[in-house]
file coords-v8.csv (CSV, N, CA and C atoms)
chain,number,residue,atom,x,y,z
A,22,MET,N,-13.5,-33.8,23.1
A,22,MET,CA,-14.7,-33.8,22.3
A,22,MET,C,-14.8,-35.1,21.5
A,23,TRP,N,-13.8,-35.3,20.6
A,23,TRP,CA,-13.7,-36.4,19.7
A,23,TRP,C,-12.5,-37.2,19.9
A,24,SER,N,-12.5,-38.5,19.9
A,24,SER,CA,-11.3,-39.3,20.0
A,24,SER,C,-11.3,-40.4,19.0
A,25,ALA,N,-10.1,-41.0,18.7
A,25,ALA,CA,-10.0,-42.0,17.7
A,25,ALA,C,-10.8,-43.2,18.0
A,26,GLY,N,-10.9,-43.6,19.3
A,26,GLY,CA,-11.8,-44.7,19.6
A,26,GLY,C,-13.2,-44.5,19.3
A,27,MET,N,-13.7,-43.3,19.5
A,27,MET,CA,-15.1,-43.0,19.2
A,27,MET,C,-15.2,-43.0,17.7
A,28,GLY,N,-14.2,-42.6,16.9
A,28,GLY,CA,-14.3,-42.6,15.5
A,28,GLY,C,-14.4,-44.0,14.9
A,29,VAL,N,-13.8,-45.0,15.5
A,29,VAL,CA,-13.9,-46.3,15.0
A,29,VAL,C,-15.4,-46.8,15.1
A,30,VAL,N,-16.0,-46.6,16.2
A,30,VAL,CA,-17.4,-47.0,16.5
A,30,VAL,C,-18.3,-46.2,15.5
A,31,LEU,N,-18.1,-45.0,15.4
A,31,LEU,CA,-18.9,-44.2,14.4
A,31,LEU,C,-18.7,-44.6,13.0
A,32,MET,N,-17.5,-45.0,12.6
A,32,MET,CA,-17.2,-45.4,11.3
A,32,MET,C,-17.9,-46.7,11.0
A,33,SER,N,-17.9,-47.6,11.9
A,33,SER,CA,-18.6,-48.9,11.8
A,33,SER,C,-20.1,-48.7,11.6
A,34,THR,N,-20.7,-47.9,12.4
A,34,THR,CA,-22.1,-47.6,12.3
A,34,THR,C,-22.4,-46.9,11.0
A,35,THR,N,-21.6,-46.0,10.5
A,35,THR,CA,-21.8,-45.3,9.3
A,35,THR,C,-21.7,-46.3,8.1
A,36,ILE,N,-20.8,-47.2,8.2
A,36,ILE,CA,-20.7,-48.2,7.1
A,36,ILE,C,-21.9,-49.1,7.0
A,37,ILE,N,-22.4,-49.6,8.1
A,37,ILE,CA,-23.6,-50.4,8.1
A,37,ILE,C,-24.8,-49.7,7.6
A,38,ALA,N,-24.9,-48.4,8.1
A,38,ALA,CA,-26.1,-47.6,7.7
A,38,ALA,C,-26.0,-47.3,6.2
A,39,SER,N,-24.8,-47.0,5.7
A,39,SER,CA,-24.6,-46.8,4.2
A,39,SER,C,-24.9,-48.0,3.4
A,40,LEU,N,-24.5,-49.1,3.8
A,40,LEU,CA,-24.8,-50.4,3.1
A,40,LEU,C,-26.3,-50.6,3.0
A,41,LEU,N,-27.0,-50.4,4.2
A,41,LEU,CA,-28.5,-50.6,4.2
A,41,LEU,C,-29.2,-49.5,3.3
A,42,VAL,N,-28.7,-48.3,3.4
A,42,VAL,CA,-29.4,-47.3,2.6
A,42,VAL,C,-29.2,-47.6,1.1
A,43,GLY,N,-28.0,-48.0,0.7
A,43,GLY,CA,-27.8,-48.4,-0.7
A,43,GLY,C,-28.6,-49.6,-1.1
A,44,ALA,N,-28.8,-50.5,-0.2
A,44,ALA,CA,-29.7,-51.7,-0.5
A,44,ALA,C,-31.1,-51.3,-0.7
A,45,VAL,N,-31.6,-50.4,0.2
A,45,VAL,CA,-33.0,-50.0,0.1
A,45,VAL,C,-33.2,-49.1,-1.2
A,46,LEU,N,-32.3,-48.3,-1.5
A,46,LEU,CA,-32.4,-47.5,-2.7
A,46,LEU,C,-32.5,-48.3,-4.0
A,47,SER,N,-31.7,-49.4,-4.0
A,47,SER,CA,-31.8,-50.3,-5.2
A,47,SER,C,-33.1,-51.0,-5.4
A,48,LEU,N,-33.8,-51.1,-4.3
A,48,LEU,CA,-35.1,-51.8,-4.4
A,48,LEU,C,-36.2,-50.9,-5.1
A,49,ARG,N,-36.0,-49.6,-5.0
A,49,ARG,CA,-37.0,-48.7,-5.5
A,49,ARG,C,-36.6,-47.8,-6.6
A,50,PHE,N,-35.3,-47.5,-6.8
A,50,PHE,CA,-34.9,-46.5,-7.7
A,50,PHE,C,-33.8,-47.0,-8.7
A,51,LYS,N,-33.6,-46.3,-9.8
A,51,LYS,CA,-32.6,-46.6,-10.8
A,51,LYS,C,-31.2,-46.1,-10.2
A,52,VAL,N,-30.2,-46.4,-10.9
A,52,VAL,CA,-28.8,-46.1,-10.4
A,52,VAL,C,-28.6,-44.6,-10.2
A,53,LEU,N,-29.3,-43.8,-10.9
A,53,LEU,CA,-29.0,-42.3,-10.9
A,53,LEU,C,-29.4,-41.8,-9.5
A,54,ILE,N,-30.1,-42.5,-8.7
A,54,ILE,CA,-30.5,-42.0,-7.3
A,54,ILE,C,-29.2,-41.9,-6.4
A,55,LEU,N,-28.2,-42.7,-6.8
A,55,LEU,CA,-26.9,-42.6,-6.0
A,55,LEU,C,-26.2,-41.3,-6.1
A,56,VAL,N,-26.4,-40.6,-7.2
A,56,VAL,CA,-25.7,-39.3,-7.3
A,56,VAL,C,-26.2,-38.3,-6.3
A,57,PRO,N,-27.5,-38.0,-6.2
A,57,PRO,CA,-27.9,-37.0,-5.1
A,57,PRO,C,-27.7,-37.6,-3.7
A,58,THR,N,-27.8,-38.9,-3.6
A,58,THR,CA,-27.6,-39.5,-2.2
A,58,THR,C,-26.1,-39.3,-1.8
A,59,ILE,N,-25.2,-39.5,-2.7
A,59,ILE,CA,-23.8,-39.4,-2.4
A,59,ILE,C,-23.5,-37.9,-2.1
A,60,ILE,N,-24.0,-37.0,-2.9
A,60,ILE,CA,-23.8,-35.6,-2.6
A,60,ILE,C,-24.3,-35.2,-1.3
A,61,ALA,N,-25.5,-35.6,-0.9
A,61,ALA,CA,-26.1,-35.3,0.4
A,61,ALA,C,-25.2,-35.9,1.5
A,62,ALA,N,-24.7,-37.1,1.3
A,62,ALA,CA,-23.9,-37.7,2.3
A,62,ALA,C,-22.6,-36.9,2.5
A,63,TRP,N,-22.0,-36.5,1.4
A,63,TRP,CA,-20.8,-35.6,1.5
A,63,TRP,C,-21.1,-34.4,2.3
A,64,ALA,N,-22.2,-33.7,2.0
A,64,ALA,CA,-22.6,-32.5,2.8
A,64,ALA,C,-22.8,-32.8,4.2
A,65,VAL,N,-23.5,-33.8,4.6
A,65,VAL,CA,-23.7,-34.2,6.0
A,65,VAL,C,-22.4,-34.5,6.7
A,66,LEU,N,-21.6,-35.3,6.1
A,66,LEU,CA,-20.3,-35.7,6.7
A,66,LEU,C,-19.4,-34.5,6.9
A,67,THR,N,-19.4,-33.7,5.9
A,67,THR,CA,-18.5,-32.5,6.0
A,67,THR,C,-19.0,-31.6,7.2
A,68,GLY,N,-20.3,-31.4,7.2
A,68,GLY,CA,-20.9,-30.6,8.3
A,68,GLY,C,-20.6,-31.2,9.7
A,69,ILE,N,-20.8,-32.5,9.8
A,69,ILE,CA,-20.5,-33.2,11.1
A,69,ILE,C,-19.0,-33.0,11.4
A,70,GLY,N,-18.1,-33.1,10.4
A,70,GLY,CA,-16.7,-32.9,10.7
A,70,GLY,C,-16.4,-31.5,11.1
A,71,LEU,N,-17.0,-30.5,10.6
A,71,LEU,CA,-16.8,-29.2,11.0
A,71,LEU,C,-17.3,-28.9,12.4
A,72,VAL,N,-18.5,-29.4,12.7
A,72,VAL,CA,-19.1,-29.2,14.1
A,72,VAL,C,-18.3,-29.9,15.1
A,73,TRP,N,-17.8,-31.2,14.9
A,73,TRP,CA,-17.1,-31.9,15.9
A,73,TRP,C,-15.6,-31.7,15.8
A,74,GLU,N,-15.2,-30.8,14.9
A,74,GLU,CA,-13.7,-30.5,14.8
A,74,GLU,C,-12.9,-31.7,14.5
A,75,ILE,N,-13.3,-32.5,13.6
A,75,ILE,CA,-12.6,-33.7,13.1
A,75,ILE,C,-11.6,-33.3,12.1
A,76,THR,N,-10.5,-34.0,12.0
A,76,THR,CA,-9.4,-33.6,11.0
A,76,THR,C,-9.9,-33.9,9.6
A,77,ALA,N,-9.4,-33.1,8.7
A,77,ALA,CA,-9.8,-33.2,7.3
A,77,ALA,C,-9.5,-34.6,6.7
A,78,ALA,N,-8.4,-35.2,7.1
A,78,ALA,CA,-8.1,-36.5,6.6
A,78,ALA,C,-9.1,-37.5,7.0
A,79,TRP,N,-9.6,-37.5,8.2
A,79,TRP,CA,-10.6,-38.4,8.7
A,79,TRP,C,-11.9,-38.2,8.0
A,80,VAL,N,-12.3,-36.9,7.7
A,80,VAL,CA,-13.5,-36.6,7.0
A,80,VAL,C,-13.5,-37.2,5.6
A,81,VAL,N,-12.3,-37.0,4.9
A,81,VAL,CA,-12.2,-37.5,3.6
A,81,VAL,C,-12.2,-39.0,3.6
A,82,LEU,N,-11.6,-39.7,4.5
A,82,LEU,CA,-11.7,-41.1,4.6
A,82,LEU,C,-13.1,-41.6,4.8
A,83,GLU,N,-13.8,-40.9,5.7
A,83,GLU,CA,-15.2,-41.3,5.9
A,83,GLU,C,-16.1,-41.1,4.7
A,84,ILE,N,-15.8,-40.0,3.9
A,84,ILE,CA,-16.6,-39.7,2.7
A,84,ILE,C,-16.3,-40.9,1.7
A,85,VAL,N,-15.1,-41.3,1.6
A,85,VAL,CA,-14.7,-42.4,0.6
A,85,VAL,C,-15.4,-43.7,1.0
A,86,VAL,N,-15.4,-43.9,2.3
A,86,VAL,CA,-15.9,-45.2,2.8
A,86,VAL,C,-17.5,-45.2,2.6
A,87,VAL,N,-18.1,-44.1,2.9
A,87,VAL,CA,-19.6,-44.0,2.8
A,87,VAL,C,-20.0,-44.1,1.3
A,88,THR,N,-19.2,-43.4,0.5
A,88,THR,CA,-19.5,-43.5,-1.0
A,88,THR,C,-19.4,-45.0,-1.5
A,89,THR,N,-18.3,-45.6,-1.1
A,89,THR,CA,-18.1,-47.0,-1.4
A,89,THR,C,-19.2,-47.9,-0.9
A,90,ALA,N,-19.6,-47.7,0.4
A,90,ALA,CA,-20.6,-48.6,1.0
A,90,ALA,C,-22.0,-48.4,0.4
A,91,LEU,N,-22.3,-47.2,0.0
A,91,LEU,CA,-23.6,-46.9,-0.7
A,91,LEU,C,-23.6,-47.7,-2.0
A,92,GLU,N,-22.5,-47.6,-2.8
A,92,GLU,CA,-22.5,-48.3,-4.0
A,92,GLU,C,-22.4,-49.8,-3.9
A,93,VAL,N,-21.7,-50.3,-2.9
A,93,VAL,CA,-21.7,-51.8,-2.6
A,93,VAL,C,-23.0,-52.3,-2.2
A,94,GLY,N,-23.7,-51.6,-1.3
A,94,GLY,CA,-25.1,-52.0,-0.9
A,94,GLY,C,-26.0,-52.0,-2.1
A,95,TYR,N,-25.9,-51.0,-2.9
A,95,TYR,CA,-26.8,-50.9,-4.1
A,95,TYR,C,-26.5,-52.1,-5.0
A,96,LEU,N,-25.3,-52.4,-5.4
A,96,LEU,CA,-24.9,-53.4,-6.3
A,96,LEU,C,-25.2,-54.8,-5.7
A,97,ALA,N,-24.9,-55.0,-4.4
A,97,ALA,CA,-25.2,-56.3,-3.8
A,97,ALA,C,-26.6,-56.7,-3.8
A,98,THR,N,-27.5,-55.7,-3.6
A,98,THR,CA,-28.9,-56.0,-3.7
A,98,THR,C,-29.3,-56.4,-5.2
A,99,LEU,N,-28.8,-55.6,-6.1
A,99,LEU,CA,-29.1,-56.0,-7.5
A,99,LEU,C,-28.6,-57.4,-7.9
A,100,LEU,N,-27.4,-57.7,-7.4
A,100,LEU,CA,-26.8,-59.0,-7.6
A,100,LEU,C,-27.7,-60.1,-7.0
A,101,MET,N,-28.2,-59.9,-5.8
A,101,MET,CA,-29.0,-60.9,-5.1
A,101,MET,C,-30.4,-61.0,-5.9
A,102,GLU,N,-30.9,-59.9,-6.3
A,102,GLU,CA,-32.1,-60.0,-7.1
A,102,GLU,C,-31.9,-60.8,-8.4
A,103,GLY,N,-30.7,-60.6,-9.0
A,103,GLY,CA,-30.4,-61.3,-10.3
A,103,GLY,C,-30.2,-62.8,-10.1
A,104,LEU,N,-29.7,-63.1,-9.0
A,104,LEU,CA,-29.4,-64.6,-8.7
A,104,LEU,C,-30.6,-65.3,-8.1
A,105,ALA,N,-31.6,-64.6,-7.7
A,105,ALA,CA,-32.8,-65.2,-7.1
A,105,ALA,C,-33.5,-66.1,-8.1
A,106,ILE,N,-34.0,-67.2,-7.6
A,106,ILE,CA,-34.8,-68.1,-8.5
A,106,ILE,C,-36.3,-67.6,-8.5
A,107,ARG,N,-36.8,-67.2,-9.6
A,107,ARG,CA,-38.1,-66.7,-9.7
A,107,ARG,C,-39.1,-67.8,-9.9
A,108,PRO,N,-40.3,-67.8,-9.2
A,108,PRO,CA,-41.3,-68.8,-9.4
A,108,PRO,C,-41.9,-68.7,-10.8
A,109,ASN,N,-42.3,-69.8,-11.4
A,109,ASN,CA,-42.9,-69.8,-12.7
A,109,ASN,C,-44.4,-69.6,-12.6
call {"tool": "encode", "arguments": {"input": "coords-v8.csv", "output": "structure tokens"}}
result
Amino acid sequence: MWSAGMGVVLMSTTIIASLLVGAVLSLRFKVLILVPTIIAAWAVLTGIGLVWEITAAWVVLEIVVVTTALEVGYLATLLMEGLAIRPN
């Protein structure tokens, strides 16, 4: 059902999606939006892990990576906005 090779592809996709979600959230919301987003991501990833019978260690790794990617995406967009040259 699930293999390590498939896990690498899914992890890459999850990282990219999390970075983009974090970036989009930073354009519209304050930093507190990350708390419910991260909790929802934890719930979804745990549910997927249970359904696909993924090991607990892999699910925990994916939760840590997704949480980090959401925060990095959020902060990267804020940094780019802060460094942008605004027209006068």
call {"tool": "atom_distance", "arguments": {"input": "coords-v8.csv", "atom1": "atom N of Trp63 (chain A)", "atom2": "atom N of Val85 (chain A)"}}
result
8.4 Å
call {"tool": "closest_residue", "arguments": {"input": "coords-v8.csv", "among": "A:Ala62, A:Val87, A:Ile106, A:Leu100", "to": "Leu40 (chain A)", "atoms": "all atoms listed in the file"}}
result
A:Val87
call {"tool": "residues_near_point", "arguments": {"input": "coords-v8.csv", "point": "(-16.2, -34.9, 3.6)", "cutoff": "8 Å", "atoms": "only C-alpha atoms", "output": "PyMOL selection string"}}
result
chain A and resi 63-68+70+77+80-84
call {"tool": "write_last_selection", "arguments": {"input": "coords-v8.csv", "atoms": "N, CA and C atoms", "output": "PDB file, in the frame of the given file"}}
result
ATOM      1  N   TRP A  63     -22.000 -36.500   1.400  1.00  0.00           N
ATOM      2  CA  TRP A  63     -20.800 -35.600   1.500  1.00  0.00           C
ATOM      3  C   TRP A  63     -21.100 -34.400   2.300  1.00  0.00           C
ATOM      4  N   ALA A  64     -22.200 -33.700   2.000  1.00  0.00           N
ATOM      5  CA  ALA A  64     -22.600 -32.500   2.800  1.00  0.00           C
ATOM      6  C   ALA A  64     -22.800 -32.800   4.200  1.00  0.00           C
ATOM      7  N   VAL A  65     -23.500 -33.800   4.600  1.00  0.00           N
ATOM      8  CA  VAL A  65     -23.700 -34.200   6.000  1.00  0.00           C
ATOM      9  C   VAL A  65     -22.400 -34.500   6.700  1.00  0.00           C
ATOM     10  N   LEU A  66     -21.600 -35.300   6.100  1.00  0.00           N
ATOM     11  CA  LEU A  66     -20.300 -35.700   6.700  1.00  0.00           C
ATOM     12  C   LEU A  66     -19.400 -34.500   6.900  1.00  0.00           C
ATOM     13  N   THR A  67     -19.400 -33.700   5.900  1.00  0.00           N
ATOM     14  CA  THR A  67     -18.500 -32.500   6.000  1.00  0.00           C
ATOM     15  C   THR A  67     -19.000 -31.600   7.200  1.00  0.00           C
ATOM     16  N   GLY A  68     -20.300 -31.400   7.200  1.00  0.00           N
ATOM     17  CA  GLY A  68     -20.900 -30.600   8.300  1.00  0.00           C
ATOM     18  C   GLY A  68     -20.600 -31.200   9.700  1.00  0.00           C
ATOM     19  N   GLY A  70     -18.100 -33.100  10.400  1.00  0.00           N
ATOM     20  CA  GLY A  70     -16.700 -32.900  10.700  1.00  0.00           C
ATOM     21  C   GLY A  70     -16.400 -31.500  11.100  1.00  0.00           C
ATOM     22  N   ALA A  77      -9.400 -33.100   8.700  1.00  0.00           N
ATOM     23  CA  ALA A  77      -9.800 -33.200   7.300  1.00  0.00           C
ATOM     24  C   ALA A  77      -9.500 -34.600   6.700  1.00  0.00           C
ATOM     25  N   VAL A  80     -12.300 -36.900   7.700  1.00  0.00           N
ATOM     26  CA  VAL A  80     -13.500 -36.600   7.000  1.00  0.00           C
ATOM     27  C   VAL A  80     -13.500 -37.200   5.600  1.00  0.00           C
ATOM     28  N   VAL A  81     -12.300 -37.000   4.900  1.00  0.00           N
ATOM     29  CA  VAL A  81     -12.200 -37.500   3.600  1.00  0.00           C
ATOM     30  C   VAL A  81     -12.200 -39.000   3.600  1.00  0.00           C
ATOM     31  N   LEU A  82     -11.600 -39.700   4.500  1.00  0.00           N
ATOM     32  CA  LEU A  82     -11.700 -41.100   4.600  1.00  0.00           C
ATOM     33  C   LEU A  82     -13.100 -41.600   4.800  1.00  0.00           C
ATOM     34  N   GLU A  83     -13.800 -40.900   5.700  1.00  0.00           N
ATOM     35  CA  GLU A  83     -15.200 -41.300   5.900  1.00  0.00           C
ATOM     36  C   GLU A  83     -16.100 -41.100   4.700  1.00  0.00           C
ATOM     37  N   ILE A  84     -15.800 -40.000   3.900  1.00  0.00           N
ATOM     38  CA  ILE A  84     -16.600 -39.700   2.700  1.00  0.00           C
ATOM     39  C   ILE A  84     -16.300 -40.900   1.700  1.00  0.00           C
TER      40      ILE A  84
END
call {"tool": "atom_distance", "arguments": {"input": "coords-v8.csv", "atom1": "atom C of Leu55 (chain A)", "atom2": "CA of Trp79 (chain A)"}}
result
21.7 Å
call {"tool": "closest_residue", "arguments": {"input": "coords-v8.csv", "among": "A:Ile54, A:Ile69, A:Ile60, A:Leu46", "to": "Gly94 (chain A)", "atoms": "all atoms listed in the file"}}
result
A:Leu46
call {"tool": "closest_residue", "arguments": {"input": "coords-v8.csv", "among": "A:Ser47, A:Thr34, A:Ser39, A:Thr76", "to": "Thr89 (chain A)", "atoms": "only N, CA and C atoms"}}
result
A:Ser39
call {"tool": "closest_residue", "arguments": {"input": "coords-v8.csv", "among": "A:Glu102, A:Pro108, A:Ala90, A:Pro57", "to": "Gly43 (chain A)", "atoms": "all atoms listed in the file"}}
result
A:Ala90
call {"tool": "closest_residue", "arguments": {"input": "coords-v8.csv", "among": "A:Leu91, A:Met101, A:Ile75, A:Arg107", "to": "Ala44 (chain A)", "atoms": "all atoms listed in the file"}}
result
A:Leu91
call {"tool": "atom_distance", "arguments": {"input": "coords-v8.csv", "atom1": "atom C of Tyr95 (chain A)", "atom2": "CA of Ala78 (chain A)"}}
result
26.8 Å
call {"tool": "select_by_dssp", "arguments": {"input": "coords-v8.csv", "residues": "chain A", "states": "alpha helix (DSSP H)", "output": "ChimeraX atom specification"}}
result
/A:25-49,55-73,77-104
call {"tool": "closest_residue", "arguments": {"input": "coords-v8.csv", "among": "A:Ala38, A:Met32, A:Trp73, A:Leu96", "to": "Lys51 (chain A)", "atoms": "only C-alpha atoms"}}
result
A:Leu96
